[in-house]
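K.L.:
Got a structure for you, model.tsv, holding TSV, C-alpha atoms.
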```tsv
chain	number	residue	atom	x	y	z
T	1	MET	CA	7.58	-6.00	36.82
T	2	GLU	CA	10.26	-6.25	34.18
T	3	THR	CA	7.68	-7.20	31.55
T	4	GLU	CA	5.31	-4.57	32.83
T	5	THR	CA	7.85	-1.78	32.27
T	6	THR	CA	8.64	-3.10	28.81
T	7	ASP	CA	4.92	-3.18	27.98
T	8	THR	CA	4.50	0.38	29.25
T	9	ILE	CA	7.37	1.53	27.03
T	10	ILE	CA	6.04	-0.30	23.95
T	11	ARG	CA	2.57	1.16	24.40
T	12	ALA	CA	4.05	4.65	24.86
T	13	THR	CA	6.09	4.13	21.68
T	14	GLY	CA	2.92	3.32	19.75
T	15	ARG	CA	1.15	6.43	21.02
T	16	CYS	CA	4.17	8.66	20.28
T	17	LEU	CA	4.51	7.23	16.77
T	18	CYS	CA	0.86	8.12	16.14
T	19	GLU	CA	1.23	11.57	17.64
T	20	TYR	CA	4.61	12.75	16.32
T	21	GLY	CA	5.25	10.54	13.30
T	22	TYR	CA	8.37	8.50	12.55
T	23	ALA	CA	10.81	11.36	11.91
T	24	ASP	CA	9.99	13.13	15.18
T	25	LEU	CA	9.84	10.05	17.39
T	26	THR	CA	12.54	10.47	20.06
T	27	MET	CA	13.57	8.56	23.18
T	28	GLN	CA	12.84	11.76	25.12
T	29	ARG	CA	9.23	11.85	23.94
T	30	ILE	CA	8.75	8.16	24.69
T	31	ALA	CA	10.19	8.74	28.19
T	32	GLU	CA	7.75	11.59	28.81
T	33	GLU	CA	4.81	9.61	27.47
T	34	SER	CA	5.63	6.62	29.68
T	35	SER	CA	6.55	8.73	32.75
T	36	LEU	CA	9.95	7.08	32.88
T	37	THR	CA	13.46	8.51	32.61
T	38	THR	CA	15.32	8.23	29.31
T	39	ALA	CA	17.88	6.16	31.25
T	40	ALA	CA	15.13	3.66	32.08
T	41	ILE	CA	14.10	3.49	28.42
T	42	HIS	CA	17.72	2.95	27.35
T	43	TYR	CA	18.12	0.21	29.96
T	44	HIS	CA	15.46	-1.78	28.09
T	45	PHE	CA	15.99	-0.62	24.51
T	46	ASP	CA	19.26	0.64	23.04
T	47	THR	CA	17.89	2.35	19.96
T	48	LYS	CA	14.74	3.67	18.37
T	49	GLU	CA	14.95	0.78	15.90
T	50	GLU	CA	14.93	-1.76	18.76
T	51	LEU	CA	11.89	-0.06	20.25
T	52	LEU	CA	10.04	-0.11	16.96
T	53	ASN	CA	10.95	-3.76	16.44
T	54	ALA	CA	9.42	-4.52	19.84
T	55	LEU	CA	6.32	-2.56	18.82
T	56	LEU	CA	6.05	-4.58	15.59
T	57	ASP	CA	6.59	-7.88	17.45
T	58	ASP	CA	3.76	-6.90	19.75
T	59	LEU	CA	1.60	-6.08	16.73
T	60	VAL	CA	2.33	-9.46	15.11
T	61	ASP	CA	1.44	-11.23	18.39
T	62	ARG	CA	-1.81	-9.36	18.78
T	63	PHE	CA	-2.75	-10.00	15.16
T	64	GLU	CA	-2.11	-13.73	15.58
T	65	ARG	CA	-4.29	-13.78	18.70
T	66	LYS	CA	-7.07	-12.00	16.80
T	67	LEU	CA	-6.91	-14.71	14.13
T	68	ALA	CA	-7.31	-17.50	16.66
T	69	CYS	CA	-10.67	-19.03	15.80
T	70	GLU	CA	-12.49	-21.51	18.01
T	71	SER	CA	-14.48	-22.90	15.11
T	72	ASP	CA	-13.14	-25.67	12.90
T	73	ASP	CA	-15.26	-24.41	10.03
T	74	PRO	CA	-12.98	-22.77	7.42
T	75	ARG	CA	-15.79	-20.33	6.50
T	76	ASP	CA	-15.78	-19.04	10.09
T	77	GLN	CA	-11.99	-18.80	9.97
T	78	LEU	CA	-12.14	-16.57	6.89
T	79	VAL	CA	-14.79	-14.34	8.48
T	80	VAL	CA	-12.64	-14.01	11.64
T	81	LEU	CA	-9.72	-12.98	9.42
T	82	LEU	CA	-11.78	-10.37	7.54
T	83	ASP	CA	-13.00	-8.99	10.88
T	84	ALA	CA	-9.45	-8.89	12.27
T	85	VAL	CA	-8.14	-7.04	9.23
T	86	PHE	CA	-11.00	-4.68	8.53
T	87	THR	CA	-12.26	-3.74	11.98
T	88	PRO	CA	-10.86	-0.27	12.66
T	89	SER	CA	-8.42	-0.08	15.56
T	90	ASN	CA	-9.19	2.10	18.55
T	91	ALA	CA	-6.66	4.66	17.45
T	92	ASP	CA	-7.50	6.18	14.07
T	93	GLU	CA	-3.89	7.23	13.71
T	94	PHE	CA	-2.56	3.70	13.91
T	95	PRO	CA	-2.82	2.81	10.20
T	96	VAL	CA	-0.97	6.06	9.41
T	97	ALA	CA	1.80	5.27	11.91
T	98	LEU	CA	2.11	1.74	10.58
T	99	MET	CA	2.34	3.01	7.00
T	100	GLU	CA	5.30	5.18	8.00
T	101	LEU	CA	7.09	2.07	9.25
T	102	LYS	CA	6.23	0.19	6.04
T	103	ALA	CA	7.64	3.11	4.02
T	104	GLN	CA	10.84	2.88	6.09
T	105	ALA	CA	11.20	-0.89	5.58
T	106	PRO	CA	13.67	-0.52	2.65
T	107	TYR	CA	16.09	1.13	5.09
T	108	HIS	CA	15.54	-1.33	7.97
T	109	ASP	CA	15.74	-5.07	7.32
T	110	SER	CA	14.45	-5.69	10.83
T	111	TYR	CA	11.13	-3.96	10.01
T	112	ARG	CA	10.89	-5.73	6.69
T	113	LYS	CA	11.41	-9.10	8.40
T	114	ARG	CA	8.44	-8.43	10.69
T	115	PHE	CA	6.16	-7.25	7.90
T	116	GLY	CA	7.15	-10.43	6.07
T	117	GLU	CA	6.06	-12.50	9.09
T	118	LEU	CA	2.72	-10.68	9.26
T	119	ASP	CA	2.16	-11.33	5.56
T	120	GLU	CA	3.15	-14.99	5.87
T	121	THR	CA	0.73	-15.49	8.78
T	122	LEU	CA	-2.11	-13.92	6.87
T	123	ARG	CA	-1.48	-15.89	3.70
T	124	THR	CA	-1.13	-19.18	5.55
T	125	VAL	CA	-4.47	-18.69	7.32
T	126	VAL	CA	-6.20	-17.94	4.01
T	127	GLU	CA	-4.54	-20.77	2.11
T	128	ASP	CA	-5.24	-23.37	4.82
T	129	ALA	CA	-8.86	-22.27	5.22
T	130	VAL	CA	-9.46	-22.33	1.47
T	131	ASP	CA	-7.91	-25.79	1.15
T	132	ALA	CA	-9.99	-27.07	4.09
T	133	GLY	CA	-13.14	-25.50	2.61
T	134	ILE	CA	-12.54	-27.17	-0.75
T	135	GLU	CA	-11.94	-30.49	1.01
T	136	ALA	CA	-15.20	-30.10	2.95
T	137	GLY	CA	-17.11	-29.21	-0.21
T	138	TYR	CA	-17.96	-25.65	0.90
T	139	PHE	CA	-15.86	-23.94	-1.77
T	140	ASP	CA	-15.27	-24.46	-5.48
T	141	ALA	CA	-11.96	-26.17	-6.26
T	142	VAL	CA	-9.48	-23.35	-6.88
T	143	ASP	CA	-5.77	-22.70	-6.36
T	144	ALA	CA	-5.71	-21.78	-2.65
T	145	ALA	CA	-2.29	-20.14	-2.92
T	146	GLU	CA	-3.61	-17.84	-5.66
T	147	VAL	CA	-6.56	-16.82	-3.46
T	148	ALA	CA	-4.14	-16.14	-0.58
T	149	ARG	CA	-1.94	-13.98	-2.84
T	150	PHE	CA	-4.96	-12.01	-3.93
T	151	VAL	CA	-6.22	-11.44	-0.38
T	152	GLY	CA	-2.75	-10.41	0.83
T	153	THR	CA	-2.36	-7.95	-2.05
T	154	ALA	CA	-5.83	-6.45	-1.56
T	155	ILE	CA	-5.31	-6.00	2.18
T	156	ASN	CA	-2.06	-4.11	1.53
T	157	GLY	CA	-3.86	-2.09	-1.14
T	158	GLY	CA	-6.66	-1.21	1.26
T	159	HIS	CA	-4.18	-0.07	3.89
T	160	LEU	CA	-2.41	2.18	1.40
T	161	ARG	CA	-5.67	3.59	-0.01
T	162	MET	CA	-6.79	4.38	3.53
T	163	VAL	CA	-3.62	6.36	4.23
T	164	ALA	CA	-2.87	7.93	0.83
T	165	LEU	CA	-6.44	8.61	-0.27
T	166	GLY	CA	-8.24	8.86	3.07
T	167	GLN	CA	-10.61	6.06	2.06
T	168	ASP	CA	-12.10	3.90	4.79
T	169	SER	CA	-11.74	0.13	4.60
T	170	THR	CA	-15.39	-0.61	3.70
T	171	GLU	CA	-14.69	-0.62	-0.03
T	172	THR	CA	-11.66	-2.90	0.29
T	173	ARG	CA	-13.66	-5.37	2.37
T	174	GLN	CA	-16.32	-5.37	-0.36
T	175	VAL	CA	-13.65	-5.96	-3.03
T	176	VAL	CA	-12.27	-8.94	-1.09
T	177	GLU	CA	-15.71	-10.38	-0.27
T	178	LYS	CA	-16.87	-10.05	-3.86
T	179	TYR	CA	-13.70	-11.78	-5.02
T	180	LEU	CA	-14.20	-14.66	-2.56
T	181	GLU	CA	-17.82	-14.99	-3.66
T	182	THR	CA	-16.82	-15.14	-7.33
T	183	ARG	CA	-13.84	-17.45	-6.83
T	184	LEU	CA	-15.05	-19.79	-4.09
T	185	GLY	CA	-18.78	-19.72	-4.77
T	186	TRP	CA	-19.27	-18.74	-1.14
T	187	LYS	CA	-20.62	-15.46	0.19
T	188	PRO	CA	-18.76	-14.37	3.35
T	189	GLY	CA	-21.08	-13.66	6.24
T	190	ALA	CA	-23.86	-15.73	4.72
T	191	SER	CA	-22.40	-18.98	5.98
T	192	ALA	CA	-22.10	-20.99	9.18
E	193	MET	CA	13.91	28.95	-20.43
E	194	GLU	CA	11.54	29.49	-17.54
E	195	THR	CA	9.99	26.05	-18.06
E	196	GLU	CA	13.42	24.53	-18.55
E	197	THR	CA	14.62	25.75	-15.16
E	198	THR	CA	11.43	24.51	-13.51
E	199	ASP	CA	11.88	21.11	-15.15
E	200	THR	CA	15.51	20.95	-14.00
E	201	ILE	CA	14.42	21.69	-10.44
E	202	ILE	CA	11.61	19.12	-10.51
E	203	ARG	CA	13.91	16.41	-11.84
E	204	ALA	CA	16.53	17.27	-9.19
E	205	THR	CA	13.81	17.05	-6.53
E	206	GLY	CA	12.93	13.55	-7.70
E	207	ARG	CA	16.55	12.41	-7.55
E	208	CYS	CA	17.08	13.97	-4.10
E	209	LEU	CA	13.90	12.38	-2.74
E	210	CYS	CA	15.19	8.99	-3.91
E	211	GLU	CA	18.66	9.59	-2.48
E	212	TYR	CA	17.95	11.28	0.86
E	213	GLY	CA	14.35	10.34	1.64
E	214	TYR	CA	11.52	12.66	2.59
E	215	ALA	CA	12.75	13.72	6.04
E	216	ASP	CA	16.20	14.73	4.77
E	217	LEU	CA	15.07	16.45	1.58
E	218	THR	CA	16.17	20.10	1.81
E	219	MET	CA	16.16	23.10	-0.53
E	220	GLN	CA	19.94	23.15	-0.13
E	221	ARG	CA	20.30	19.60	-1.44
E	222	ILE	CA	17.95	20.29	-4.35
E	223	ALA	CA	19.99	23.40	-5.20
E	224	GLU	CA	23.22	21.37	-5.21
E	225	GLU	CA	21.68	18.60	-7.29
E	226	SER	CA	20.36	21.06	-9.89
E	227	SER	CA	23.49	23.28	-9.87
E	228	LEU	CA	21.37	26.31	-9.01
E	229	THR	CA	21.42	28.64	-6.02
E	230	THR	CA	18.86	28.18	-3.25
E	231	ALA	CA	17.65	31.69	-4.17
E	232	ALA	CA	16.89	30.44	-7.68
E	233	ILE	CA	14.97	27.48	-6.26
E	234	HIS	CA	12.99	29.76	-3.94
E	235	TYR	CA	12.21	32.08	-6.84
E	236	HIS	CA	10.29	29.20	-8.46
E	237	PHE	CA	9.05	27.29	-5.42
E	238	ASP	CA	8.37	28.77	-1.98
E	239	THR	CA	8.34	25.57	0.04
E	240	LYS	CA	9.31	21.91	-0.03
E	241	GLU	CA	5.60	21.09	-0.22
E	242	GLU	CA	5.22	23.20	-3.38
E	243	LEU	CA	8.19	21.43	-4.95
E	244	LEU	CA	6.78	18.02	-4.14
E	245	ASN	CA	3.39	19.03	-5.51
E	246	ALA	CA	5.10	19.99	-8.76
E	247	LEU	CA	6.88	16.62	-8.75
E	248	LEU	CA	3.56	14.82	-8.26
E	249	ASP	CA	1.87	16.90	-10.99
E	250	ASP	CA	4.67	15.89	-13.31
E	251	LEU	CA	4.19	12.25	-12.32
E	252	VAL	CA	0.42	12.41	-12.99
E	253	ASP	CA	1.12	13.97	-16.43
E	254	ARG	CA	3.68	11.37	-17.36
E	255	PHE	CA	1.40	8.56	-16.20
E	256	GLU	CA	-1.48	9.92	-18.30
E	257	ARG	CA	0.81	10.08	-21.33
E	258	LYS	CA	1.86	6.48	-20.74
E	259	LEU	CA	-1.80	5.46	-20.74
E	260	ALA	CA	-2.47	7.14	-24.09
E	261	CYS	CA	-3.28	4.23	-26.40
E	262	GLU	CA	-3.52	4.55	-30.16
E	263	SER	CA	-5.68	1.47	-30.47
E	264	ASP	CA	-9.45	1.66	-30.05
E	265	ASP	CA	-9.51	-1.94	-28.89
E	266	PRO	CA	-10.29	-1.98	-25.15
E	267	ARG	CA	-8.16	-5.12	-24.75
E	268	ASP	CA	-5.14	-3.18	-26.02
E	269	GLN	CA	-6.00	-0.33	-23.67
E	270	LEU	CA	-5.93	-2.67	-20.66
E	271	VAL	CA	-2.60	-4.16	-21.74
E	272	VAL	CA	-1.13	-0.64	-22.13
E	273	LEU	CA	-2.34	0.14	-18.60
E	274	LEU	CA	-0.80	-3.03	-17.14
E	275	ASP	CA	2.49	-2.21	-18.90
E	276	ALA	CA	2.43	1.40	-17.64
E	277	VAL	CA	1.83	0.30	-14.06
E	278	PHE	CA	4.04	-2.76	-13.85
E	279	THR	CA	7.03	-1.83	-15.98
E	280	PRO	CA	9.77	-0.92	-13.50
E	281	SER	CA	10.91	2.70	-13.67
E	282	ASN	CA	14.51	3.53	-14.50
E	283	ALA	CA	15.22	4.43	-10.89
E	284	ASP	CA	14.73	1.49	-8.54
E	285	GLU	CA	14.41	3.94	-5.67
E	286	PHE	CA	11.41	5.69	-7.17
E	287	PRO	CA	8.69	3.44	-5.74
E	288	VAL	CA	10.30	3.86	-2.31
E	289	ALA	CA	10.36	7.67	-2.65
E	290	LEU	CA	6.76	7.69	-3.83
E	291	MET	CA	5.69	5.53	-0.89
E	292	GLU	CA	7.17	8.09	1.49
E	293	LEU	CA	4.94	10.75	-0.09
E	294	LYS	CA	1.91	8.45	0.15
E	295	ALA	CA	2.69	7.87	3.84
E	296	GLN	CA	2.83	11.66	4.33
E	297	ALA	CA	-0.51	12.26	2.57
E	298	PRO	CA	-2.53	12.37	5.83
E	299	TYR	CA	-0.49	15.45	6.80
E	300	HIS	CA	-0.66	17.16	3.38
E	301	ASP	CA	-4.01	17.54	1.63
E	302	SER	CA	-2.19	18.73	-1.48
E	303	TYR	CA	-0.41	15.34	-1.84
E	304	ARG	CA	-3.62	13.48	-1.13
E	305	LYS	CA	-5.43	15.45	-3.83
E	306	ARG	CA	-2.84	14.39	-6.42
E	307	PHE	CA	-2.88	10.74	-5.39
E	308	GLY	CA	-6.66	10.96	-5.69
E	309	GLU	CA	-6.30	12.24	-9.26
E	310	LEU	CA	-3.91	9.43	-10.15
E	311	ASP	CA	-6.34	6.89	-8.74
E	312	GLU	CA	-9.30	8.44	-10.55
E	313	THR	CA	-7.41	8.37	-13.88
E	314	LEU	CA	-6.52	4.74	-13.44
E	315	ARG	CA	-10.01	3.68	-12.45
E	316	THR	CA	-11.63	5.59	-15.28
E	317	VAL	CA	-9.38	3.95	-17.87
E	318	VAL	CA	-10.19	0.49	-16.49
E	319	GLU	CA	-13.91	1.12	-16.17
E	320	ASP	CA	-14.26	2.62	-19.66
E	321	ALA	CA	-12.20	-0.16	-21.27
E	322	VAL	CA	-14.21	-2.87	-19.49
E	323	ASP	CA	-17.51	-1.27	-20.50
E	324	ALA	CA	-16.33	-0.93	-24.11
E	325	GLY	CA	-15.09	-4.54	-24.11
E	326	ILE	CA	-18.44	-5.82	-22.84
E	327	GLU	CA	-20.22	-3.74	-25.49
E	328	ALA	CA	-17.96	-5.21	-28.19
E	329	GLY	CA	-18.53	-8.74	-26.92
E	330	TYR	CA	-14.90	-9.31	-25.91
E	331	PHE	CA	-15.60	-9.56	-22.19
E	332	ASP	CA	-18.24	-11.22	-20.05
E	333	ALA	CA	-20.89	-8.81	-18.77
E	334	VAL	CA	-19.68	-7.70	-15.32
E	335	ASP	CA	-19.86	-4.60	-13.15
E	336	ALA	CA	-17.07	-2.48	-14.69
E	337	ALA	CA	-16.83	-0.22	-11.64
E	338	GLU	CA	-16.22	-3.29	-9.46
E	339	VAL	CA	-13.41	-4.45	-11.75
E	340	ALA	CA	-11.89	-0.93	-11.64
E	341	ARG	CA	-12.04	-0.91	-7.83
E	342	PHE	CA	-10.31	-4.26	-7.73
E	343	VAL	CA	-7.54	-3.23	-10.12
E	344	GLY	CA	-6.97	0.06	-8.23
E	345	THR	CA	-6.75	-1.78	-4.91
E	346	ALA	CA	-4.40	-4.45	-6.25
E	347	ILE	CA	-2.06	-1.88	-7.81
E	348	ASN	CA	-1.80	-0.04	-4.49
E	349	GLY	CA	-1.24	-3.37	-2.77
E	350	GLY	CA	1.52	-4.28	-5.20
E	351	HIS	CA	3.25	-0.95	-4.61
E	352	LEU	CA	3.14	-1.43	-0.84
E	353	ARG	CA	4.32	-5.05	-1.03
E	354	MET	CA	7.23	-3.94	-3.21
E	355	VAL	CA	8.33	-1.36	-0.65
E	356	ALA	CA	7.45	-3.04	2.65
E	357	LEU	CA	8.32	-6.63	1.69
E	358	GLY	CA	10.85	-6.08	-1.08
E	359	GLN	CA	8.73	-8.09	-3.50
E	360	ASP	CA	8.93	-7.27	-7.19
E	361	SER	CA	5.79	-6.48	-9.15
E	362	THR	CA	5.66	-9.76	-11.11
E	363	GLU	CA	3.39	-11.44	-8.59
E	364	THR	CA	0.98	-8.50	-8.45
E	365	ARG	CA	0.72	-8.42	-12.22
E	366	GLN	CA	-0.10	-12.14	-12.17
E	367	VAL	CA	-2.77	-11.55	-9.50
E	368	VAL	CA	-4.38	-8.81	-11.62
E	369	GLU	CA	-4.14	-10.78	-14.88
E	370	LYS	CA	-5.58	-13.90	-13.27
E	371	TYR	CA	-8.43	-11.81	-11.88
E	372	LEU	CA	-9.19	-10.25	-15.27
E	373	GLU	CA	-9.11	-13.69	-16.86
E	374	THR	CA	-11.56	-15.08	-14.29
E	375	ARG	CA	-13.87	-12.08	-14.28
E	376	LEU	CA	-13.85	-11.01	-17.93
E	377	GLY	CA	-13.21	-14.33	-19.61
E	378	TRP	CA	-10.27	-12.70	-21.37
E	379	LYS	CA	-6.59	-13.52	-20.93
E	380	PRO	CA	-4.44	-10.34	-21.06
E	381	GLY	CA	-1.64	-10.55	-23.57
E	382	ALA	CA	-3.41	-13.29	-25.51
E	383	SER	CA	-5.63	-10.82	-27.35
E	384	ALA	CA	-5.51	-8.37	-30.25
```
Please go through the file and, once you have read it, give me the structure as structure tokens.

P.N.:
Amino acid sequence: METETTDTIIRATGRCLCEYGYADLTMQRIAEESSLTTAAIHYHFDTKEELLNALLDDLVDRFERKLACESDDPRDQLVVLLDAVFTPSNADEFPVALMELKAQAPYHDSYRKRFGELDETLRTVVEDAVDAGIEAGYFDAVDAAEVARFVGTAINGGHLRMVALGQDSTETRQVVEKYLETRLGWKPGASA
Amino acid sequence: METETTDTIIRATGRCLCEYGYADLTMQRIAEESSLTTAAIHYHFDTKEELLNALLDDLVDRFERKLACESDDPRDQLVVLLDAVFTPSNADEFPVALMELKAQAPYHDSYRKRFGELDETLRTVVEDAVDAGIEAGYFDAVDAAEVARFVGTAINGGHLRMVALGQDSTETRQVVEKYLETRLGWKPGASA
């Protein structure tokens, strides 16, 4: 029950962030969206920052679950990651809302910490999969950390291009896949 | 005199955006910063959006001037581009201020249009230099448009990582240089 209310509030926060944007996100609007009183919201979360931290924690959790891959094959693991990153979310507004939080990160260490965790997770998955793929003889021997840095940078770039330029993520996925093909000698999607 | 006043206002807008952020940027603050009356500001610019468009136009101009390269050697042209993109600006806050405008682009077509122009300029310089370098036998024969897409994506990614994660641009420059080295068979900085 406790958790259920918290979940309701976090989901309402996400929808309000998409609808009103960061500057106009208020406890009042979140209360209305979740059909709770503002007192009930404040009982669970003291400030807007706390609410948004909970939203980001939830996002990190969901992203980590999406990356869970049943296969031991590092090629499958990389494809699962590309799918997790580049499959559009249900809400078209979500990348826009998330970009607002990224733009606010310089003013909120707590947001920055969570974006750092997300980045670390992503890089670790890429680096481990590339190392395992080299070990197994699927990939050319390269610096796995360098590949992970590239993929992390390109994914951030794709997110920003989507928001600032209105470009969909197809081109970024192609850029990343082409890079992996050139670097690893492996064509994503063609394997396993 | 006319142009001088406009320039003063645009520069004050840039400083205010860095200091107060997008949400708290007001005509009043810009007037104070530029030592002009709000009436004088309104005489030149009707709205905050118009002011920010002028700021972005100025940014696009300055960026294009930075890319002007006296050398005909495409390797020099790429180095000039890397320097223009990755040399920190005088104001540390500027990338943060610019990111706020990028995050607002979905709500303002006029910002999006200018970011599109900036992107187009950057890509064209890369694509033309790569094509010229292949022609001259300096670079391996690759798809120049693909290289330009990569560089554009990585530069956006570096900007976002700087703001969201607090990372400096050194790593992004390394990612781009390493990519150019692998793809073109040419090590930036080692040429010309």

K.L.:
List every residue of chain E that has an atom at most 10 Å from any atom of chain T, giving for each one its closest atom pair and the distance in Å to one decimal, counting only C-alpha atoms, sorted by chain and then by ascending residue number, as a Markdown table.

P.N.:
```
| residue | atom | partner | partner_atom | distance |
| --- | --- | --- | --- | --- |
| E:Gly213 | CA | T:Gln104 | CA | 9.4 |
| E:Tyr214 | CA | T:Ala23 | CA | 9.4 |
| E:Ala215 | CA | T:Ala23 | CA | 6.6 |
| E:Asp216 | CA | T:Ala23 | CA | 9.6 |
| E:Glu285 | CA | T:Pro106 | CA | 9.5 |
| E:Pro287 | CA | T:Ala103 | CA | 9.8 |
| E:Val288 | CA | T:Ala103 | CA | 6.9 |
| E:Ala289 | CA | T:Ala103 | CA | 8.5 |
| E:Leu290 | CA | T:Ala103 | CA | 9.1 |
| E:Met291 | CA | T:Ala103 | CA | 5.8 |
| E:Glu292 | CA | T:Ala103 | CA | 5.6 |
| E:Leu293 | CA | T:Ala164 | CA | 8.4 |
| E:Lys294 | CA | T:Ala164 | CA | 4.9 |
| E:Ala295 | CA | T:Glu100 | CA | 5.6 |
| E:Gln296 | CA | T:Ala164 | CA | 7.7 |
| E:Ala297 | CA | T:Ala164 | CA | 5.2 |
| E:Pro298 | CA | T:Val163 | CA | 6.3 |
| E:Tyr299 | CA | T:Val96 | CA | 9.8 |
| E:His300 | CA | T:Ala164 | CA | 9.8 |
| E:Asp301 | CA | T:Leu165 | CA | 9.4 |
| E:Tyr303 | CA | T:Ala164 | CA | 8.3 |
| E:Arg304 | CA | T:Leu165 | CA | 5.7 |
| E:Lys305 | CA | T:Leu165 | CA | 7.8 |
| E:Arg306 | CA | T:Leu165 | CA | 9.2 |
| E:Phe307 | CA | T:Leu165 | CA | 6.6 |
| E:Gly308 | CA | T:Leu165 | CA | 5.9 |
| E:Glu309 | CA | T:Leu165 | CA | 9.7 |
| E:Asp311 | CA | T:Leu165 | CA | 8.6 |
| E:Glu338 | CA | T:Val175 | CA | 7.4 |
| E:Val339 | CA | T:Val175 | CA | 8.9 |
| E:Arg341 | CA | T:Val175 | CA | 7.2 |
| E:Phe342 | CA | T:Val175 | CA | 6.0 |
| E:Val343 | CA | T:Ala154 | CA | 9.3 |
| E:Gly344 | CA | T:Gly157 | CA | 8.0 |
| E:Thr345 | CA | T:Gly157 | CA | 4.8 |
| E:Ala346 | CA | T:Ala154 | CA | 5.3 |
| E:Ile347 | CA | T:Gly157 | CA | 6.9 |
| E:Asn348 | CA | T:Gly157 | CA | 4.4 |
| E:Gly349 | CA | T:Gly157 | CA | 3.3 |
| E:Gly350 | CA | T:Thr153 | CA | 6.2 |
| E:His351 | CA | T:Gly157 | CA | 8.0 |
| E:Leu352 | CA | T:Asn156 | CA | 6.3 |
| E:Arg353 | CA | T:Asn156 | CA | 6.9 |
| E:Met354 | CA | T:Pro106 | CA | 9.4 |
| E:Val355 | CA | T:Pro106 | CA | 6.3 |
| E:Ala356 | CA | T:Lys102 | CA | 4.8 |
| E:Leu357 | CA | T:Arg112 | CA | 5.7 |
| E:Gly358 | CA | T:Pro106 | CA | 7.3 |
| E:Gln359 | CA | T:Gly116 | CA | 10.0 |
| E:Glu363 | CA | T:Arg149 | CA | 8.2 |
| E:Thr364 | CA | T:Thr153 | CA | 7.2 |
| E:Gln366 | CA | T:Glu146 | CA | 9.3 |
| E:Val367 | CA | T:Phe150 | CA | 6.0 |
| E:Val368 | CA | T:Phe150 | CA | 8.3 |
| E:Lys370 | CA | T:Glu146 | CA | 8.8 |
| E:Tyr371 | CA | T:Tyr179 | CA | 8.7 |
| E:Thr374 | CA | T:Arg183 | CA | 8.2 |
| E:Arg375 | CA | T:Thr182 | CA | 8.1 |
```

K.L.:
CA of Ala340 (chain E) to CA of Thr316 (chain E): how many Å, to one decimal?

P.N.:
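Straight-line distance from CA of Ala340 (chain E) to CA of Thr316 (chain E) works out to 7.5 Å.
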
K.L.:
Quick one: distance from CA of Leu25 (chain T) to CA of Thr5 (chain T) in Å, one decimal?

P.N.:
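These two atoms are separated by 19.1 Å.
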
K.L.:
Can you tell me how far CA of His234 (chain E) sits from CA of Arg254 (chain E), in Å to one decimal?

P.N.:
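Atom-to-atom, CA of His234 (chain E) and CA of Arg254 (chain E) are spaced 24.6 Å apart.
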
K.L.:
Go through E:Ala246, E:Ala333, E:Val271, E:Cys261 one by one, measure the shortest atom-to-atom distance of each to Gly381 (chain E) using only C-alpha atoms, and give the residue with the smallest value.

P.N.:
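Of E:Ala246, E:Ala333, E:Val271, E:Cys261, the one nearest Gly381 (chain E) is E:Val271, counting only C-alpha atoms.
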